[in-house]
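As stored in target.cif (mmCIF, C-alpha atoms):
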data_target
loop_
_atom_site.group_PDB
_atom_site.id
_atom_site.type_symbol
_atom_site.label_atom_id
_atom_site.label_comp_id
_atom_site.auth_asym_id
_atom_site.auth_seq_id
_atom_site.Cartn_x
_atom_site.Cartn_y
_atom_site.Cartn_z
ATOM 1 C CA MET A 23 13.568 -153.199 99.307
ATOM 2 C CA THR A 24 15.615 -155.795 101.158
ATOM 3 C CA ALA A 25 19.131 -154.579 101.823
ATOM 4 C CA ARG A 26 21.620 -156.246 99.514
ATOM 5 C CA THR A 27 24.478 -156.606 101.953
ATOM 6 C CA ALA A 28 26.727 -159.380 103.212
ATOM 7 C CA THR A 29 29.530 -159.850 105.712
ATOM 8 C CA ILE A 30 31.848 -162.817 105.575
ATOM 9 C CA SER A 31 34.986 -164.018 107.307
ATOM 10 C CA ARG A 32 37.547 -166.489 105.966
ATOM 11 C CA LYS A 33 40.368 -167.714 108.161
ATOM 12 C CA THR A 34 42.986 -170.365 107.486
ATOM 13 C CA ASN A 35 46.585 -170.956 108.488
ATOM 14 C CA GLU A 36 47.601 -168.843 105.492
ATOM 15 C CA THR A 37 45.239 -165.869 105.376
ATOM 16 C CA GLN A 38 42.457 -164.098 107.256
ATOM 17 C CA VAL A 39 39.864 -161.955 105.484
ATOM 18 C CA GLU A 40 37.030 -159.859 106.902
ATOM 19 C CA LEU A 41 34.739 -158.373 104.253
ATOM 20 C CA THR A 42 31.500 -156.383 104.196
ATOM 21 C CA ILE A 43 29.719 -155.400 100.995
ATOM 22 C CA ASP A 44 26.669 -153.240 100.257
ATOM 23 C CA LEU A 45 25.540 -153.269 96.623
ATOM 24 C CA ASP A 46 23.207 -150.292 96.839
ATOM 25 C CA TYR A 47 25.050 -147.066 97.527
ATOM 26 C CA THR A 48 22.988 -144.273 95.917
ATOM 27 C CA PRO A 49 24.666 -140.939 95.152
ATOM 28 C CA GLY A 50 22.711 -138.037 96.638
ATOM 29 C CA SER A 51 21.042 -140.254 99.235
ATOM 30 C CA GLY A 52 22.914 -138.636 102.115
ATOM 31 C CA GLN A 53 24.603 -141.941 102.889
ATOM 32 C CA ALA A 54 28.329 -142.024 102.181
ATOM 33 C CA GLN A 55 29.880 -144.693 99.987
ATOM 34 C CA ASN A 56 32.148 -146.557 102.381
ATOM 35 C CA ILE A 57 35.303 -148.002 100.814
ATOM 36 C CA ASP A 58 38.120 -149.226 103.040
ATOM 37 C CA ILE A 59 40.526 -151.748 101.522
ATOM 38 C CA SER A 60 43.622 -153.191 103.168
ATOM 39 C CA THR A 61 45.148 -156.354 101.692
ATOM 40 C CA GLY A 62 48.798 -155.598 102.332
ATOM 41 C CA ILE A 63 49.367 -155.233 98.566
ATOM 42 C CA GLY A 64 49.129 -151.583 97.539
ATOM 43 C CA PHE A 65 48.274 -152.067 93.868
ATOM 44 C CA LEU A 66 45.620 -154.658 94.728
ATOM 45 C CA ASP A 67 44.065 -152.189 97.192
ATOM 46 C CA HIS A 68 44.025 -149.633 94.371
ATOM 47 C CA MET A 69 42.241 -152.060 92.000
ATOM 48 C CA TYR A 70 39.611 -153.112 94.550
ATOM 49 C CA HIS A 71 38.998 -149.470 95.437
ATOM 50 C CA ALA A 72 38.395 -148.654 91.767
ATOM 51 C CA LEU A 73 36.102 -151.678 91.425
ATOM 52 C CA ALA A 74 33.998 -150.621 94.409
ATOM 53 C CA LYS A 75 33.926 -146.939 93.513
ATOM 54 C CA HIS A 76 32.747 -147.341 89.949
ATOM 55 C CA SER A 77 30.328 -150.216 90.581
ATOM 56 C CA GLY A 78 28.540 -148.103 93.177
ATOM 57 C CA MET A 79 29.063 -150.518 96.048
ATOM 58 C CA SER A 80 30.381 -149.958 99.531
ATOM 59 C CA LEU A 81 33.210 -152.348 100.335
ATOM 60 C CA ILE A 82 35.234 -152.942 103.476
ATOM 61 C CA MET A 83 37.968 -155.544 103.098
ATOM 62 C CA LYS A 84 40.668 -156.360 105.623
ATOM 63 C CA CYS A 85 43.112 -159.097 104.717
ATOM 64 C CA GLN A 86 46.148 -160.425 106.534
ATOM 65 C CA GLY A 87 48.055 -162.935 104.439
ATOM 66 C CA ASP A 88 51.314 -164.812 104.203
ATOM 67 C CA LEU A 89 52.975 -162.171 102.040
ATOM 68 C CA TRP A 90 56.418 -163.286 103.236
ATOM 69 C CA ILE A 91 55.827 -166.295 100.932
ATOM 70 C CA ASP A 92 54.256 -164.484 97.965
ATOM 71 C CA ASP A 93 51.086 -162.683 96.912
ATOM 72 C CA HIS A 94 49.146 -165.725 95.679
ATOM 73 C CA HIS A 95 47.021 -166.581 98.710
ATOM 74 C CA THR A 96 46.141 -162.967 99.486
ATOM 75 C CA ALA A 97 45.333 -161.885 95.927
ATOM 76 C CA ASP A 98 43.589 -164.932 94.534
ATOM 77 C CA GLU A 99 42.493 -167.572 96.966
ATOM 78 C CA TYR A 100 41.223 -165.281 99.674
ATOM 79 C CA SER A 101 40.439 -161.695 98.711
ATOM 80 C CA ALA A 102 38.940 -162.548 95.292
ATOM 81 C CA ILE A 103 37.076 -165.622 96.534
ATOM 82 C CA ALA A 104 35.805 -163.696 99.555
ATOM 83 C CA LEU A 105 34.623 -160.847 97.331
ATOM 84 C CA GLY A 106 32.807 -163.201 94.975
ATOM 85 C CA THR A 107 31.209 -165.104 97.841
ATOM 86 C CA ALA A 108 30.015 -161.907 99.509
ATOM 87 C CA PHE A 109 28.736 -160.532 96.195
ATOM 88 C CA LYS A 110 26.654 -163.668 95.635
ATOM 89 C CA GLN A 111 25.272 -163.592 99.179
ATOM 90 C CA ALA A 112 24.407 -159.902 98.985
ATOM 91 C CA LEU A 113 22.657 -160.320 95.645
ATOM 92 C CA GLY A 114 20.467 -163.110 96.968
ATOM 93 C CA GLU A 115 17.937 -164.720 94.653
ATOM 94 C CA ILE A 116 18.510 -163.692 91.062
ATOM 95 C CA LYS A 117 15.330 -161.832 90.265
ATOM 96 C CA GLY A 118 14.308 -158.265 89.622
ATOM 97 C CA ILE A 119 17.714 -157.344 88.169
ATOM 98 C CA ARG A 120 18.970 -156.744 84.634
ATOM 99 C CA ARG A 121 21.264 -159.815 84.865
ATOM 100 C CA TYR A 122 23.529 -158.792 81.970
ATOM 101 C CA GLY A 123 26.041 -155.967 82.103
ATOM 102 C CA THR A 124 28.616 -154.519 79.735
ATOM 103 C CA GLY A 125 31.267 -151.954 80.595
ATOM 104 C CA PHE A 126 33.888 -150.106 78.579
ATOM 105 C CA ALA A 127 36.499 -148.092 80.470
ATOM 106 C CA PRO A 128 39.396 -146.072 79.076
ATOM 107 C CA LEU A 129 42.467 -144.949 80.982
ATOM 108 C CA ASP A 130 44.619 -142.758 78.801
ATOM 109 C CA GLU A 131 45.798 -145.005 75.938
ATOM 110 C CA ALA A 132 44.258 -148.179 77.419
ATOM 111 C CA LEU A 133 40.719 -149.387 76.765
ATOM 112 C CA SER A 134 39.031 -152.408 78.322
ATOM 113 C CA ARG A 135 35.719 -154.196 77.913
ATOM 114 C CA ALA A 136 33.976 -156.379 80.491
ATOM 115 C CA VAL A 137 30.789 -158.379 80.004
ATOM 116 C CA ILE A 138 29.033 -160.172 82.867
ATOM 117 C CA ASP A 139 26.071 -162.533 83.084
ATOM 118 C CA ILE A 140 24.705 -163.212 86.571
ATOM 119 C CA CYS A 141 23.473 -166.667 85.709
ATOM 120 C CA SER A 142 24.746 -169.226 88.259
ATOM 121 C CA ARG A 143 26.984 -170.696 85.537
ATOM 122 C CA PRO A 144 30.488 -169.654 86.560
ATOM 123 C CA TYR A 145 32.911 -169.154 83.712
ATOM 124 C CA CYS A 146 35.691 -166.692 83.039
ATOM 125 C CA VAL A 147 37.707 -165.645 80.004
ATOM 126 C CA THR A 148 40.360 -162.917 80.203
ATOM 127 C CA GLU A 149 42.667 -161.438 77.586
ATOM 128 C CA LEU A 150 44.696 -158.763 79.351
ATOM 129 C CA GLY A 151 47.983 -158.792 77.452
ATOM 130 C CA LEU A 152 50.074 -157.804 80.469
ATOM 131 C CA LYS A 153 53.840 -157.853 79.934
ATOM 132 C CA ARG A 154 55.450 -156.731 83.187
ATOM 133 C CA GLU A 155 56.237 -159.280 85.891
ATOM 134 C CA LYS A 156 54.843 -157.051 88.638
ATOM 135 C CA ILE A 157 52.927 -153.825 89.130
ATOM 136 C CA GLY A 158 53.987 -152.566 92.516
ATOM 137 C CA ASP A 159 53.943 -155.656 94.736
ATOM 138 C CA LEU A 160 51.263 -157.490 92.740
ATOM 139 C CA SER A 161 52.369 -160.158 90.275
ATOM 140 C CA THR A 162 50.626 -159.524 86.953
ATOM 141 C CA GLU A 163 49.989 -163.250 86.566
ATOM 142 C CA MET A 164 47.628 -162.952 89.547
ATOM 143 C CA ILE A 165 45.317 -160.422 87.874
ATOM 144 C CA PRO A 166 43.522 -162.906 85.578
ATOM 145 C CA HIS A 167 43.339 -165.291 88.531
ATOM 146 C CA ILE A 168 41.568 -162.584 90.554
ATOM 147 C CA PHE A 169 38.903 -162.223 87.858
ATOM 148 C CA HIS A 170 38.585 -166.006 87.584
ATOM 149 C CA SER A 171 38.265 -166.586 91.330
ATOM 150 C CA PHE A 172 35.704 -163.792 91.635
ATOM 151 C CA ALA A 173 33.626 -165.261 88.807
ATOM 152 C CA MET A 174 33.729 -168.800 90.224
ATOM 153 C CA ALA A 175 32.763 -167.700 93.728
ATOM 154 C CA ALA A 176 30.099 -165.244 92.521
ATOM 155 C CA GLY A 177 28.551 -167.748 90.105
ATOM 156 C CA VAL A 178 28.794 -165.455 87.083
ATOM 157 C CA THR A 179 29.997 -165.718 83.519
ATOM 158 C CA LEU A 180 32.659 -163.075 82.977
ATOM 159 C CA HIS A 181 34.654 -161.908 79.970
ATOM 160 C CA VAL A 182 37.323 -159.225 80.428
ATOM 161 C CA ASP A 183 39.389 -158.005 77.488
ATOM 162 C CA VAL A 184 41.941 -155.217 77.275
ATOM 163 C CA LEU A 185 41.383 -153.939 73.759
ATOM 164 C CA ARG A 186 44.448 -151.694 73.560
ATOM 165 C CA GLY A 187 47.069 -150.012 75.705
ATOM 166 C CA GLU A 188 50.812 -149.790 76.265
ATOM 167 C CA ASN A 189 51.113 -149.263 80.021
ATOM 168 C CA ASP A 190 50.313 -152.305 82.180
ATOM 169 C CA HIS A 191 49.102 -150.159 85.085
ATOM 170 C CA HIS A 192 46.628 -148.495 82.731
ATOM 171 C CA ARG A 193 45.612 -151.806 81.137
ATOM 172 C CA SER A 194 44.927 -153.395 84.531
ATOM 173 C CA GLU A 195 43.078 -150.441 86.002
ATOM 174 C CA SER A 196 40.886 -149.997 82.942
ATOM 175 C CA ALA A 197 39.993 -153.706 83.171
ATOM 176 C CA PHE A 198 38.871 -153.403 86.795
ATOM 177 C CA LYS A 199 36.917 -150.244 85.994
ATOM 178 C CA ALA A 200 35.235 -151.925 83.023
ATOM 179 C CA LEU A 201 34.202 -154.775 85.318
ATOM 180 C CA ALA A 202 32.845 -152.257 87.803
ATOM 181 C CA LEU A 203 30.643 -150.656 85.146
ATOM 182 C CA ALA A 204 29.432 -154.068 83.954
ATOM 183 C CA ILE A 205 28.521 -155.089 87.512
ATOM 184 C CA LYS A 206 26.704 -151.808 88.110
ATOM 185 C CA GLN A 207 24.550 -152.386 85.041
ATOM 186 C CA ALA A 208 23.877 -156.083 85.722
ATOM 187 C CA ILE A 209 22.707 -155.657 89.326
ATOM 188 C CA GLU A 210 20.466 -152.689 88.539
ATOM 189 C CA LEU A 211 16.966 -153.247 89.868
ATOM 190 C CA THR A 212 14.262 -153.388 87.198
ATOM 191 C CA GLY A 213 11.393 -152.511 89.521
ATOM 192 C CA GLY A 214 9.819 -155.924 88.992
ATOM 193 C CA ASN A 215 10.247 -159.307 90.615
ATOM 194 C CA GLU A 216 10.790 -161.494 87.575
ATOM 195 C CA ILE A 217 13.552 -164.060 87.215
ATOM 196 C CA PRO A 218 15.494 -162.887 84.136
ATOM 197 C CA SER A 219 15.535 -166.230 82.329
ATOM 198 C CA THR A 220 13.343 -168.050 79.824
ATOM 199 C CA LYS A 221 13.841 -171.149 81.985
ATOM 200 C CA GLY A 222 12.186 -169.450 84.940
ATOM 201 C CA VAL A 223 15.079 -170.309 87.242
ATOM 202 C CA LEU A 224 18.711 -169.271 87.634
#

Will you turn the file into structure tokens for me?
Amino acid sequence: MTARTATISRKTNETQVELTIDLDYTPGSGQAQNIDISTGIGFLDHMYHALAKHSGMSLIMKCQGDLWIDDHHTADEYSAIALGTAFKQALGEIKGIRRYGTGFAPLDEALSRAVIDICSRPYCVTELGLKREKIGDLSTEMIPHIFHSFAMAAGVTLHVDVLRGENDHHRSESAFKALALAIKQAIELTGGNEIPSTKGVL
């Protein structure tokens, strides 16, 4: 099997990102899952770590951004876009995978659902219901933008809904974990080489 990995670098006057992704960490293989996230925003690091851990991918992300301005460029335009771009590159041609994935993830009183279609038709709908202005140093308004930017760069259709929950930390984390489970299911290898579409192309 061809390794499903990618390394990318994005550098502008505002932000620099170095990112390496491996989609195929296998528990019990003797190879450690490598997760090392540093964006300069603690809660964002926590969310990306949860996403990598529960999707079964190894992820190294180093980001240096203009946080003295705000968190926008680091959270949305660079880390999320870089992650989506690397995900798409690592996946390669869309064949021999399940394509669709659904994940439900609880965290105490919160419950989230994520549904993904790896289809080369980028679209994103989120209903998170977040009320706080910030969680740690991450503006909550950036969280739906992170999902949107990932979906656009990865070329996937993505729906993320927080179904219930009172605590915004729990709501956000359950959403990222639900996405992780959906991704894990969608990229699962089927053992064949078919393109998962009636059109014969994605």

With all atoms listed in the file as the counted atoms, please give the residues lying no more than 9 Å from Tyr100 (chain A), apart from itself and same-chain residues fewer than 4 positions off, as number ranges by chain.
A: 32-33, 37-39, 85, 87, 94-96, 104-105, 171

Using all atoms listed in the file, give me every residue within 8 Å of (41.2, -159.0, 87.1) in file coordinates, as an mmCIF file with C-alpha atoms, in the coordinates of the input.
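The file below, part-v2.cif, is the result:
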data_model
loop_
_atom_site.group_PDB
_atom_site.id
_atom_site.type_symbol
_atom_site.label_atom_id
_atom_site.label_comp_id
_atom_site.auth_asym_id
_atom_site.auth_seq_id
_atom_site.Cartn_x
_atom_site.Cartn_y
_atom_site.Cartn_z
ATOM 1 C CA THR A 148 40.360 -162.917 80.203
ATOM 2 C CA MET A 164 47.628 -162.952 89.547
ATOM 3 C CA ILE A 165 45.317 -160.422 87.874
ATOM 4 C CA PRO A 166 43.522 -162.906 85.578
ATOM 5 C CA HIS A 167 43.339 -165.291 88.531
ATOM 6 C CA ILE A 168 41.568 -162.584 90.554
ATOM 7 C CA PHE A 169 38.903 -162.223 87.858
ATOM 8 C CA HIS A 170 38.585 -166.006 87.584
ATOM 9 C CA VAL A 182 37.323 -159.225 80.428
ATOM 10 C CA SER A 194 44.927 -153.395 84.531
ATOM 11 C CA ALA A 197 39.993 -153.706 83.171
ATOM 12 C CA PHE A 198 38.871 -153.403 86.795
#

What does the distance from CA of Asp183 (chain A) to CA of Thr212 (chain A) come to in Å, to one decimal?
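Answer for the CA of Asp183 (chain A) to CA of Thr212 (chain A) separation: 27.3 Å.
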
Could you expand the PyMOL selection byres ((chain A and resi 106-122) around 10) into the explicit residues it covers here, written as a ChimeraX atom specification?
/A:24-31,41-46,100-105,123-124,137-142,168-179,204-219,222-224

List the residues selected by the PyMOL selection byres ((chain A and resi 127) around 10) in the file shown, writing them as number ranges by chain.
A: 125-126, 128-130, 132-136, 184, 193, 195-204

Record the distance separating CA of His191 (chain A) and CA of Lys156 (chain A), expressed in Å with one decimal.
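Distance between the two atoms: 9.6 Å.
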
So that all listed atoms of region 84-89 of chain A fit with 6 Å spare on each side, what axis-aligned box centre and edge lengths in Å, to one decimal, would you give as JSON?
{"center_x": 46.8, "center_y": -160.6, "center_z": 104.3, "size_x": 24.3, "size_y": 20.5, "size_z": 16.5}
